[in-house]
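A.B. asks: Have a look at this one.
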Amino acid sequence: MSEAQDPNSLHALKARYGERHRWLLLLSVMLGSMAAVMSSTIMNVAIPDMSQHFTLGQSRVQWVTSGFMVAMTVSMLTTPWLLSRYGYRRVYEVCMWLLLGGGVVGGFANDFPLVMAARVAEGLAAGVVQPIPAIIILRAFASEEQGRASGLFGMGVVLAPAIGPSIGGVLVDVFGWRSIFFMVVPLAMVALWLSRRYVPTSAPGGVQADADSPGLDWIGLALASASTLALLNGLVQLRGDDNTVAITLLVLAVVGMAVFVVWQRHLLQPGRLLQRLRRTPSSRKGQALRQDPRVRRGPLMNLQVFGHRHFAMGSLVSFTYGIALFGSTYLLPVYMQMGLGLSPSYIGAALLPAGILLAVTIATVGRLSNRMPPAHWVSWGLALLALSFALMPLVHPASGLALLWILVILGRIGLGFILPSLNLGALRGLPKDLIPQASSVIGFVRMLGGAAGVSICAIVLEWRLAVYAHASSHLASPVQADLRAFNETFVFLAAMTALAMLAAWKMAEPVAATAKD
C-alpha cells in the first residue's frame with residue numbers, strides 16, 4: 001500500500017484531525033515515555049525486598065537496575081534504523097507490548113533469571129522509545145512551538161519519576177516487590193490505545209516506511225554494546241580491592257569505542273564505493289551496489305552529526321549533565337540517610353514537592369523558551385544546579401534542614417531550565433534527515449554519562465569515606481567524617497556541572513529556524 005492510500009499515514013491523520021493532530025501525537029508518545037521513565041526509576045525502592053525474597057546479595061540483585069540501564073542505553077542507537085524500516089506506529093507499539101509484557105512477566109516471576117529477562121526487555125523498549133518524542137517535536141512543530149511542546153512533554157515525563165517512588169514505596173510496603181512491575185501496565189495499555197488512533201505508520205519525514213532499506217549495523221551494535229558493558233563493569237570493579245580487572249575492562253572499553261568509531265567512519269565513506277563502481281561494467285553495477293556492505297547497511301551512529309558545532313557541544317553538555325543528574329539522584333538519598341540520619345519514608349515524602357516543582361518549572365520554561373536562546377537557558381540551569389551542589393557543605397543536622405530543602409529546590413529549578421532546552425539547542429538547525437540520528441545519539445550520550453555518573457559518585461564517596469575513616473581519631477565523631485566525605489563528593493559534582501557550562505556557551509551558534517514537516 002502506498003503512502004497516499006494508507007489511512008493511517010501521517011498525511012491521512014493530519015487531514016483527519018487537523019492542526020490538533022501534532023498535539024495528540026505528542027500526548028500519545030508522552031504516555032509511552034512516562035511508562036519507560038517510570039520503569040527505569042521506580043525499581044530502586046523494591047531492591048531490598050527483592051534481595052530478601054530471592055536470597056541474593058546486594059551486588060547481584062542490583063543488576064535488576066544495571067541490566068535495564070545497559071539495555072536502554074545501547075538500544076537508543078537503533079531507533080533511527082527501526083523508524084526508517086518499520087515506521088512510527090509499529091516500532092512504538094512493539095515497545096509498548098514489551099513494556100507491558102515485561103511488567104506482567106516480572107510481576108509473576110518466581111525465578112530471578114526471569115525477572116532479569118523481563119527487566120532487559122523493558123530496558124530495550126525504553127531505550128528505543130526515548131528518542132522518538134524529540135524527533136516528533138523537531139519535525140512536527142514549527143520552531144516557535146517547539147519550546148512549548150518540549151515543556152509540555154517534559155512536565156509529563158518528569159511527573160512519573162517524581163510521583164512514582166512515593167507511590168512505589170507504599171505499594172512495596174503493602175503488596176511487596178511484585179507490585180512495582182505492574183505500575184507500568186496501565187500506562188502502556190493507554191499508550192497502545194492512543195497509538196492506534198494518532199501515531200502514524202509513516203517513517204520520519206512523512207515518507208513510507210521501507211522494509212527494503214539498508215540492514216542494521218550489527219557489527220556496530222555489538223561493538224557499542226560490548227564497550228558500554230565493559231565501561232560500566234570496569235567502573236563498578238574500581239570500587240573493589242583489586243583494580244587489575246577494572247583497568248583491563250576500562251582499556252577494553254576504550255579500544256572497543258575506538259574500533260566502533262573507525263567502523264562507523266568506514267560505513268560513511270562513499271568515495272571508495274564510487275571509484276570502484278566507475279571501474280565496474282554497467283551490467284555489474286547493480287550487483288556491486290547490492291553486495292557492498294555500506295549499501296546493505298548504514299552506520300549505527302552517523303558521525304556527521306558531530307560536524308555541527310552546536311550539536312557536538314550539546315552532546316558534551318548532555319554527557320556531563322547525565323553524570324551530574326544521575327550521580328546526584330544516587331547521592332542525595334544516601335546522603336540523607338547516612339549523613340543526616342533521615343528515614344526513607346521521610347525522604348520520599350520530602351522530595352515529592354521538589355519533583356512537582358520541577359515539572360512546573362519545565363512547563364513554564366517551555367512557554368518562555370522563545371524569549372532567550374536555548375543555550376542561555378541551559379547555562380543558567382547548569383549554574384543553579386552547580387550552586388545547589390556547591391552549597392551542600394553548609395548543611396548540618398544541628399542547624400536544621402531548611403537549607404537542605406532550599407538547595408534541593410534550587411537544583412530542581414536548575415534542572416527545569418535544562419531539560420526542555422538542551423535537546424532544542426543541540427538539535428535545532430540540523431538537516432532534517434539527521435534529526436532521528438542526532439536524537440538517538442544525544443540520548444545515548446546522556447544515558448552513558450548517567451550510568452557512569454552513579455559509579456563515579458560512588459567511587460569518589462567511598463574514597464573520601466576511606467580517607468576520613470583513617471583520620472577519624474582527629475574528628476569529633478564518625479558522623480562528622482561521613483558528612484565531610486559527602487560534602488566533598490557534592491563539591492566534585494558542582495565542579496563537573498560548572499565545566500559543562502563552558503560547552504553550553506559554545507552551543508549558542510546561530511542556526512536556521514526549523515519549519516515543521
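Each chain in the C-alpha cells gets a letter, A, B and so on, in the order shown; residues start at 1 in every chain, and ligands are counted from 1 in the order they appear.
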Can you list every residue in region 138-219 of chain A that DSSP puts in alpha helix (DSSP H), as number ranges by chain?
C.D. replies: A: 138-140, 143-175, 178-182, 184-198, 218-219
A.B. asks: Quick one: everything within 9 Å of Leu99 (chain A), counting only C-alpha atoms, minus sequence neighbours fewer than 5 positions away in the same chain. Send it as an MDAnalysis selection string.
C.D. replies: chainID A and resid 35:36 39 94 104 118:119 121:126 184:185 188
A.B. asks: Show which residues sit within 12 Å of Leu82 (chain A), as number ranges by chain. Count only C-alpha atoms, and ignore same-chain residues fewer than 4 positions away.
C.D. replies: A: 75-78, 86-92, 94-95, 125, 128-129, 131-132, 202-204, 209-217, 300, 436-437, 440
A.B. asks: Smallest atom-to-atom distance to Val491 (chain A): which of A:Val454, A:Ala390, A:Ala230, A:Val115, using only C-alpha atoms?
C.D. replies: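 Smallest separation from Val491 (chain A) among the options: A:Ala390.
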A.B. asks: Region 338-403 of chain A near region 134-155 of chain A within 9 Å: what's each residue's closest atom pair and its distance in Å to one decimal, counting only C-alpha atoms, ordered by chain then ascending residue number, as CSV?
C.D. replies:
residue,atom,partner,partner_atom,distance
A:Ile356,CA,A:Met155,CA,8.8
A:Leu358,CA,A:Met155,CA,7.7
A:Ala359,CA,A:Met155,CA,4.3
A:Val360,CA,A:Met155,CA,6.5
A:Thr361,CA,A:Met155,CA,8.0
A:Ile362,CA,A:Gly151,CA,5.2
A:Ala363,CA,A:Gly151,CA,4.2
A:Thr364,CA,A:Gly151,CA,7.0
A:Val365,CA,A:Gly151,CA,6.6
A:Gly366,CA,A:Gly151,CA,3.9
A:Arg367,CA,A:Arg148,CA,4.7
A:Leu368,CA,A:Gly147,CA,7.5
A:Ser369,CA,A:Gly147,CA,5.3
A:Asn370,CA,A:Glu144,CA,6.7
A:Pro374,CA,A:Gly147,CA,8.9
A.B. asks: Output C-alpha atoms for every residue in the selection just made, as an mmCIF file, in the first residue's frame.
C.D. replies:
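out-v3.cif written:
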data_model
loop_
_atom_site.group_PDB
_atom_site.id
_atom_site.type_symbol
_atom_site.label_atom_id
_atom_site.label_comp_id
_atom_site.auth_asym_id
_atom_site.auth_seq_id
_atom_site.Cartn_x
_atom_site.Cartn_y
_atom_site.Cartn_z
ATOM 1 C CA ILE A 356 6.353 18.520 41.299
ATOM 2 C CA LEU A 358 10.497 20.554 38.656
ATOM 3 C CA ALA A 359 7.569 19.592 36.421
ATOM 4 C CA VAL A 360 6.013 23.067 36.790
ATOM 5 C CA THR A 361 9.368 24.733 36.029
ATOM 6 C CA ILE A 362 9.785 22.679 32.848
ATOM 7 C CA ALA A 363 6.341 23.684 31.598
ATOM 8 C CA THR A 364 6.995 27.359 32.404
ATOM 9 C CA VAL A 365 10.414 27.435 30.731
ATOM 10 C CA GLY A 366 8.925 25.708 27.688
ATOM 11 C CA ARG A 367 6.418 28.532 27.285
ATOM 12 C CA LEU A 368 9.103 31.202 27.753
ATOM 13 C CA SER A 369 11.767 29.483 25.653
ATOM 14 C CA ASN A 370 11.441 31.845 22.691
ATOM 15 C CA PRO A 374 18.189 27.542 24.414
#
